[in-house]
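Everything below concerns the one structure shown next.
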Amino acid sequence: MKINLYRLFAGVIPIIAVIILSLNTYHLPNTSDGTNDHFSASNVQLDIKIIANEPHSIEHPLERDVVRDYLYKRLKSFGDSVDYYFYDSLPFSNKGFIDIGNLFAVYEPEGKTPDSYVLLMAHMDSRFANNVKGKTVYSYGAADDGYGIGVILELLRVVQTFQDQWKHGVKILFTDSEEYGLYGISKAFNEDNQIFENVSLILNFEARGVKGPAILFETSPGNNNIIELYKKARIPVAYSLTSAVYNLLPNYTDFTVVKDNLPGMNFSVIDDLNFYHTDKDNFDNISTRSIQHYGEQVQPMLKEFLLNENYSNPAFFKSKANKVYFTMPAVGLIQLPETTYLIVISFLLAIFILFTLFYIIQSKVRIVNIFKMILHNLFLVLFTSSLAFLFAKLLAQWNGLEYQVVNLAYVEYEYFHIAIFLVLSSLLYISILLSKTRKGVKLMEMEASAIILLFTIAIAMHIFMGDSVLFFVPLAFGIVSYCIKLFTSNPFFPIVSIIFILLFAITLFYLLAVALTIGSLFIINALILLYLSVLTPLSLFYLKPTD
């Protein structure tokens with residue numbers, strides 16, 4: 001296939017720009033100057049420095065008391081309605097029993113008892129003893145969950161600058177023993193119902209790492225009205241896919257206990273797992289830009305909630321309907337009601353089938369070649385992903401670690417290994433696809449096979465996981481490009497499709513890589529090759545639009 005060098009040069013420039021935009025920390029704002037009415041990570045730093053001065057896990061009762069008493073005074077500085085909630089004689093492994101204590105505070109509009117509250121939650125305790133390559137370490141809790149505690153205190157400072165305008169109230173719950181057994185939130189939810197009385201919405205703040213964007217990684221079921229509020233967020237980073245995936249993982253937060261009963265959102269940074277629950281989670285390693293990103297998202301939502309009479313009904317955010325949503329760099333939050341999303345997907349499938357039948361009748365594609373390419377793609381994906389699985393297992397062994405599909409931390413040069421394997425796997429895949437074009441396989445047949453394969457996987461994902469947004473963008477743009485070929489060979493739409501697919505994919509795959517870790521390299525590899533099955537023929541359409 002003869003390549004148009006002019007188009008190659010013209011196409012490389014916007015693609016490089018997209019890659020830089022996606023990989024850059026575009027979503028991480030600079031720290032604010034801390035004016036009265038705006039969130040500032042600089043202020044949060046001051047609290048984290050005190051909170052993370054020493055490890056304060058359930059194995060450190062004195063240090064935990066120091067942190068709790070400091071936070072009590074901080075909450076008191078905003079108002080008088082602050083209480084300790086103590087619970088004793090809770091079993092701690094085979095070491096005996098522990099006592100724990102939550103902090104609960106209420107702030108209301110001036111001269112009024114509201115009908116509705118937002119509850120801000122984070123946990124006070126750091127991780128207890130953790131074994132890292134044979135060494136026992138303790139976390140200082142600077143990110144997990146100093147980020148959550150500090151962000152809440154700063155948000156409270158900001159919203160109190162317009163407390164005279166509040167229509168609703170703010171409740172704050174700092175829990176104990178989240179790291180061990182979720183004791184604090186479980187005791188509060190089961191024994192102290194007044195804490196949750198008239199709570200319309202819960203915002204929980206976590207950290208699974210120390211840097212990167214603060215992601216809305218989980219919502220409660222029936223998120224329709226929740227996502228409507230989230231549209232107010234500045235610099236949103238959210239995927240409905242992550243809620244579906246998180247429900248399948250053996251991970252829990254305080255939000256897990258309450259999410260089936262009370263509407264809410266769960267935020268967290270997720271990069272880098274090598275810092276998580278270790279002594280590296282200390283003040284020196286915090287990211288002020290990540291902290292600022294928590295505030296940039298949540299501050300406008302809090303303002304909307306507190307000033308809008310529409311939220312007077314505590315049941316406002318409860319819904320049976322869900323939204324499908326995702327974010328893209330330079331585009332922002334894209335959200336659709338689940339029923340609308342399914343209608344759009346069904347329409348795309350119908351259009352694809354109709355055009356494919358027409359192409360078959362016109363002898364533009366051969367059905368046998370399409371199915372041969374489906375089998376070929378499946379073989380390449382399964383073969384290279386098997387190699388990825390073996391590669392990750394070997395790396396785990398070389399690092400003295402037990403292999404895990406997720407949460408495989410402490411592999412040296414993890415991201416370098418991931419990048420090298422994925423680049424080699426992708427080059428192998430693309431070169432084999434190019435060889436197929438030289439053997440007579442048409443680009444239309446190649447694109448059709450990719451779309452059929454992605455549609456099949458997307459349908460299975462939606463049935464078993466409840467979300468298929470992972471493949472929505474490549475399917476939508478791939479199908480439109482495929483259908484437009486009937487009317488024109490102009491390369492404009494293929495390059496636009498490539499740009500939008502990359503905008504969606506690069507950030508998403510970065511988040512998947514840091515969340516799932518190198519143990520899931522075989523999953524990440526499979527997803528990238530599936531995306532390449534659509535992107536490769538689109539690229540060739542652009543470089544040589546006649547087929």
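We name chains A, B, ... following the order of the structure tokens; residues begin at 1 in each chain, and ligands are numbered from 1 as shown.
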Select from stretch 108-315 of chain A everything DSSP, run on the backbone, classes as alpha helix (DSSP H), then give the selection as a VMD selection string. chain A and resid 146 to 159 183 to 191 224 to 230 240 to 246 254 to 258 288 to 307
Could you write out that same residue set with C-alpha atoms as an mmCIF file, in the first residue's frame?
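Once written, part.cif looks like this:
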```cif
data_model
loop_
_atom_site.group_PDB
_atom_site.id
_atom_site.type_symbol
_atom_site.label_atom_id
_atom_site.label_comp_id
_atom_site.auth_asym_id
_atom_site.auth_seq_id
_atom_site.Cartn_x
_atom_site.Cartn_y
_atom_site.Cartn_z
ATOM 1 C CA GLY A 146 -4.855 12.973 55.079
ATOM 2 C CA TYR A 147 -6.037 14.137 51.668
ATOM 3 C CA GLY A 148 -9.653 13.388 52.573
ATOM 4 C CA ILE A 149 -9.495 14.979 56.028
ATOM 5 C CA GLY A 150 -7.642 18.073 54.824
ATOM 6 C CA VAL A 151 -9.872 18.545 51.771
ATOM 7 C CA ILE A 152 -13.003 18.461 53.946
ATOM 8 C CA LEU A 153 -11.612 21.014 56.403
ATOM 9 C CA GLU A 154 -10.690 23.370 53.558
ATOM 10 C CA LEU A 155 -14.062 22.911 51.842
ATOM 11 C CA LEU A 156 -15.755 23.739 55.145
ATOM 12 C CA ARG A 157 -13.701 26.923 55.434
ATOM 13 C CA VAL A 158 -14.690 27.966 51.916
ATOM 14 C CA VAL A 159 -18.426 27.310 52.189
ATOM 15 C CA TYR A 183 -15.450 -0.459 62.194
ATOM 16 C CA GLY A 184 -15.975 3.277 62.514
ATOM 17 C CA ILE A 185 -18.500 3.681 59.705
ATOM 18 C CA SER A 186 -20.214 0.370 60.515
ATOM 19 C CA LYS A 187 -20.749 1.346 64.147
ATOM 20 C CA ALA A 188 -21.961 4.804 63.198
ATOM 21 C CA PHE A 189 -24.390 3.500 60.585
ATOM 22 C CA ASN A 190 -25.796 0.699 62.730
ATOM 23 C CA GLU A 191 -25.893 2.388 66.142
ATOM 24 C CA ASN A 224 -29.137 9.951 37.562
ATOM 25 C CA ASN A 225 -29.536 13.016 39.816
ATOM 26 C CA ILE A 226 -26.067 12.582 41.300
ATOM 27 C CA ILE A 227 -24.420 13.003 37.895
ATOM 28 C CA GLU A 228 -26.640 16.013 37.218
ATOM 29 C CA LEU A 229 -25.009 17.652 40.253
ATOM 30 C CA TYR A 230 -21.546 16.435 39.202
ATOM 31 C CA SER A 240 -19.271 5.060 34.913
ATOM 32 C CA LEU A 241 -17.087 2.073 34.006
ATOM 33 C CA THR A 242 -15.083 2.428 37.243
ATOM 34 C CA SER A 243 -18.166 1.921 39.417
ATOM 35 C CA ALA A 244 -18.922 -1.307 37.574
ATOM 36 C CA VAL A 245 -15.312 -2.515 37.843
ATOM 37 C CA TYR A 246 -14.953 -1.501 41.506
ATOM 38 C CA ASP A 254 -16.381 3.647 54.208
ATOM 39 C CA PHE A 255 -18.700 4.397 51.308
ATOM 40 C CA THR A 256 -19.223 0.645 50.783
ATOM 41 C CA VAL A 257 -21.235 0.429 54.001
ATOM 42 C CA VAL A 258 -23.692 3.212 53.134
ATOM 43 C CA THR A 288 -0.632 19.668 46.052
ATOM 44 C CA ARG A 289 -1.979 19.587 42.493
ATOM 45 C CA SER A 290 -3.881 16.391 43.239
ATOM 46 C CA ILE A 291 -5.232 17.931 46.441
ATOM 47 C CA GLN A 292 -6.266 21.039 44.500
ATOM 48 C CA HIS A 293 -8.100 18.842 42.009
ATOM 49 C CA TYR A 294 -10.318 17.408 44.770
ATOM 50 C CA GLY A 295 -11.337 20.946 45.699
ATOM 51 C CA GLU A 296 -11.830 22.180 42.140
ATOM 52 C CA GLN A 297 -14.356 19.432 41.525
ATOM 53 C CA VAL A 298 -16.243 19.490 44.798
ATOM 54 C CA GLN A 299 -16.387 23.206 45.697
ATOM 55 C CA PRO A 300 -18.875 24.179 42.933
ATOM 56 C CA MET A 301 -21.043 21.155 43.729
ATOM 57 C CA LEU A 302 -21.190 22.081 47.404
ATOM 58 C CA LYS A 303 -22.093 25.646 46.547
ATOM 59 C CA GLU A 304 -24.869 24.476 44.240
ATOM 60 C CA PHE A 305 -26.254 22.151 46.917
ATOM 61 C CA LEU A 306 -26.144 24.672 49.766
ATOM 62 C CA LEU A 307 -27.722 27.566 47.851
#
```
Shell of 12 Å around A:Val411, only C-alpha atoms, local chain residues under 2 positions omitted, as a PyMOL selection string: chain A and resi 132-133+272-274+392-404+407-409+413-418+517-519
Give me, as an MDAnalysis selection string, all polymer residues having an atom no more than 10 Å from A:Ser385, counting only C-alpha atoms and skipping those fewer than 2 positions away in the same chain. chainID A and resid 379:383 387:391 422 425 520:527 529
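In this comparison, which uses only C-alpha atoms, the residue of A:Phe471, A:Leu535, A:Val344, A:Asp260 approaching A:Lys320 most closely is A:Asp260.
Between atom CA of A:Ala105 and atom CA of A:Lys231 the interatomic distance comes to 27.5 Å.
Taking atom CA of A:Ser40 and atom CA of A:Asp164 as endpoints, the distance between them is 21.7 Å.
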Would you mind telling me which residue in A:Ile367, A:Ala513, A:Leu71, A:Val237 lies nearest to A:Asp83 when using only C-alpha atoms?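 Of A:Ile367, A:Ala513, A:Leu71, A:Val237, the one nearest A:Asp83 is A:Leu71, counting only C-alpha atoms.
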Mind pulling up the distance from atom CA of A:Glu63 to atom CA of A:Asp192?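 Result for atom CA of A:Asp192 versus atom CA of A:Glu63: 25.6 Å, one decimal.
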Mind checking which residues fall within 9 Å of A:Ser81, counting only C-alpha atoms, ignoring those fewer than 6 positions away in the same chain, and posting them as a ChimeraX atom specification? /A:75,104-107
Select, from A:Leu62, A:Ile48, A:Ala143, A:Val534, the residue with the minimum atom-to-atom distance to A:Arg127, counting only C-alpha atoms.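 So, comparing all the options, the nearest one is A:Ala143.
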Extract the full set of strand (DSSP E) residues from stretch 3-101 of chain A according to DSSP on the backbone, and format it as a VMD selection string. chain A and resid 82 to 91 97 to 101
Keeping N, CA and C atoms, export the residues of the selection given above as an mmCIF file, in the first residue's frame.
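Below is the file out.cif, written as the result:
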```
data_model
loop_
_atom_site.group_PDB
_atom_site.id
_atom_site.type_symbol
_atom_site.label_atom_id
_atom_site.label_comp_id
_atom_site.auth_asym_id
_atom_site.auth_seq_id
_atom_site.Cartn_x
_atom_site.Cartn_y
_atom_site.Cartn_z
ATOM 1 N N VAL A 82 -19.846 19.722 67.712
ATOM 2 C CA VAL A 82 -18.872 18.679 67.396
ATOM 3 C C VAL A 82 -18.853 17.674 68.539
ATOM 4 N N ASP A 83 -18.881 16.375 68.206
ATOM 5 C CA ASP A 83 -18.941 15.341 69.241
ATOM 6 C C ASP A 83 -18.020 14.171 68.923
ATOM 7 N N TYR A 84 -17.516 13.566 69.992
ATOM 8 C CA TYR A 84 -16.831 12.281 69.893
ATOM 9 C C TYR A 84 -17.876 11.168 69.964
ATOM 10 N N TYR A 85 -17.658 10.104 69.194
ATOM 11 C CA TYR A 85 -18.480 8.892 69.301
ATOM 12 C C TYR A 85 -17.523 7.713 69.490
ATOM 13 N N PHE A 86 -17.456 7.234 70.750
ATOM 14 C CA PHE A 86 -16.508 6.166 71.074
ATOM 15 C C PHE A 86 -17.190 4.792 71.069
ATOM 16 N N TYR A 87 -16.415 3.787 70.659
ATOM 17 C CA TYR A 87 -16.875 2.396 70.659
ATOM 18 C C TYR A 87 -15.708 1.546 71.164
ATOM 19 N N ASP A 88 -16.019 0.634 72.093
ATOM 20 C CA ASP A 88 -14.922 -0.120 72.707
ATOM 21 C C ASP A 88 -15.044 -1.622 72.476
ATOM 22 N N SER A 89 -13.951 -2.307 72.810
ATOM 23 C CA SER A 89 -13.876 -3.777 72.804
ATOM 24 C C SER A 89 -14.212 -4.381 71.441
ATOM 25 N N LEU A 90 -13.580 -3.825 70.397
ATOM 26 C CA LEU A 90 -13.744 -4.367 69.046
ATOM 27 C C LEU A 90 -12.577 -5.305 68.755
ATOM 28 N N PRO A 91 -12.843 -6.491 68.218
ATOM 29 C CA PRO A 91 -11.775 -7.483 68.021
ATOM 30 C C PRO A 91 -10.765 -7.033 66.978
ATOM 31 N N PHE A 97 -8.295 -6.681 71.643
ATOM 32 C CA PHE A 97 -9.384 -5.756 71.327
ATOM 33 C C PHE A 97 -8.855 -4.326 71.226
ATOM 34 N N ILE A 98 -9.603 -3.509 70.514
ATOM 35 C CA ILE A 98 -9.240 -2.103 70.359
ATOM 36 C C ILE A 98 -10.448 -1.225 70.677
ATOM 37 N N ASP A 99 -10.176 0.015 71.043
ATOM 38 C CA ASP A 99 -11.206 1.035 71.194
ATOM 39 C C ASP A 99 -11.036 2.036 70.057
ATOM 40 N N ILE A 100 -12.148 2.508 69.521
ATOM 41 C CA ILE A 100 -12.070 3.480 68.439
ATOM 42 C C ILE A 100 -13.009 4.648 68.734
ATOM 43 N N GLY A 101 -12.826 5.753 68.023
ATOM 44 C CA GLY A 101 -13.679 6.911 68.220
ATOM 45 C C GLY A 101 -13.827 7.743 66.962
#
```
If we count only C-alpha atoms and set the cut-off at 9 Å, which residues sit around A:Ser268, ignoring sequence neighbours fewer than 3 positions away in its own chain? Please answer as a ChimeraX atom specification. /A:148,204-209,213-217,294
Which residues of stretch 238-291 of chain A come within 12 Å of stretch 117-121 of chain A, and what is each one's closest atom pair and distance in Å (one decimal), counting only C-alpha atoms, sorted by chain and residue number, as JSON lines?
```
{"residue": "A:Thr253", "atom": "CA", "partner": "A:Met121", "partner_atom": "CA", "distance": 10.6}
{"residue": "A:Asp254", "atom": "CA", "partner": "A:Met121", "partner_atom": "CA", "distance": 8.1}
{"residue": "A:Phe255", "atom": "CA", "partner": "A:Met121", "partner_atom": "CA", "distance": 8.5}
{"residue": "A:Val258", "atom": "CA", "partner": "A:Met121", "partner_atom": "CA", "distance": 11.2}
{"residue": "A:Leu262", "atom": "CA", "partner": "A:Leu119", "partner_atom": "CA", "distance": 10.2}
{"residue": "A:Pro263", "atom": "CA", "partner": "A:Val118", "partner_atom": "CA", "distance": 10.1}
{"residue": "A:Gly264", "atom": "CA", "partner": "A:Leu119", "partner_atom": "CA", "distance": 9.0}
{"residue": "A:Met265", "atom": "CA", "partner": "A:Leu120", "partner_atom": "CA", "distance": 10.0}
{"residue": "A:Asn266", "atom": "CA", "partner": "A:Met121", "partner_atom": "CA", "distance": 9.5}
{"residue": "A:Phe267", "atom": "CA", "partner": "A:Met121", "partner_atom": "CA", "distance": 10.5}
```
Excluding A:Thr113 and any residue of its chain fewer than 5 positions from it, enumerate the residues within 12 Å of it, using only C-alpha atoms, and give them as number ranges by chain. A: 106-108, 166-170, 198, 312
Can you pull out the residues contacting stretch 466-470 of chain A? Cut-off 8 Å, using only C-alpha atoms, and skip same-chain residues under 4 positions away; I want them as an NGL selection string. :A and (240-241 or 244 or 324-326 or 458-459 or 461-462)
Convert the current residue selection to file output with N, CA and C atoms, as an mmCIF file, in the first residue's frame.
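The resulting file, again_2.cif, is reproduced below:
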```
data_model
loop_
_atom_site.group_PDB
_atom_site.id
_atom_site.type_symbol
_atom_site.label_atom_id
_atom_site.label_comp_id
_atom_site.auth_asym_id
_atom_site.auth_seq_id
_atom_site.Cartn_x
_atom_site.Cartn_y
_atom_site.Cartn_z
ATOM 1 N N SER A 240 -18.310 5.997 34.336
ATOM 2 C CA SER A 240 -19.271 5.060 34.913
ATOM 3 C C SER A 240 -18.689 3.654 34.943
ATOM 4 N N LEU A 241 -17.747 3.380 34.039
ATOM 5 C CA LEU A 241 -17.087 2.073 34.006
ATOM 6 C C LEU A 241 -16.443 1.732 35.338
ATOM 7 N N ALA A 244 -18.642 0.088 37.912
ATOM 8 C CA ALA A 244 -18.922 -1.307 37.574
ATOM 9 C C ALA A 244 -17.731 -2.199 37.898
ATOM 10 N N VAL A 324 -24.866 6.858 32.056
ATOM 11 C CA VAL A 324 -23.570 6.418 31.553
ATOM 12 C C VAL A 324 -22.756 7.683 31.301
ATOM 13 N N TYR A 325 -21.515 7.719 31.769
ATOM 14 C CA TYR A 325 -20.744 8.961 31.671
ATOM 15 C C TYR A 325 -19.262 8.671 31.532
ATOM 16 N N PHE A 326 -18.557 9.616 30.954
ATOM 17 C CA PHE A 326 -17.104 9.541 30.846
ATOM 18 C C PHE A 326 -16.578 10.941 30.562
ATOM 19 N N ALA A 458 -18.665 -5.618 23.976
ATOM 20 C CA ALA A 458 -19.422 -4.572 24.653
ATOM 21 C C ALA A 458 -20.761 -5.095 25.159
ATOM 22 N N ILE A 459 -21.436 -5.893 24.362
ATOM 23 C CA ILE A 459 -22.722 -6.465 24.780
ATOM 24 C C ILE A 459 -22.526 -7.378 25.986
ATOM 25 N N MET A 461 -20.099 -7.220 28.195
ATOM 26 C CA MET A 461 -19.776 -6.375 29.349
ATOM 27 C C MET A 461 -21.028 -5.765 29.948
ATOM 28 N N HIS A 462 -21.935 -5.299 29.086
ATOM 29 C CA HIS A 462 -23.140 -4.656 29.606
ATOM 30 C C HIS A 462 -24.039 -5.663 30.322
#
```
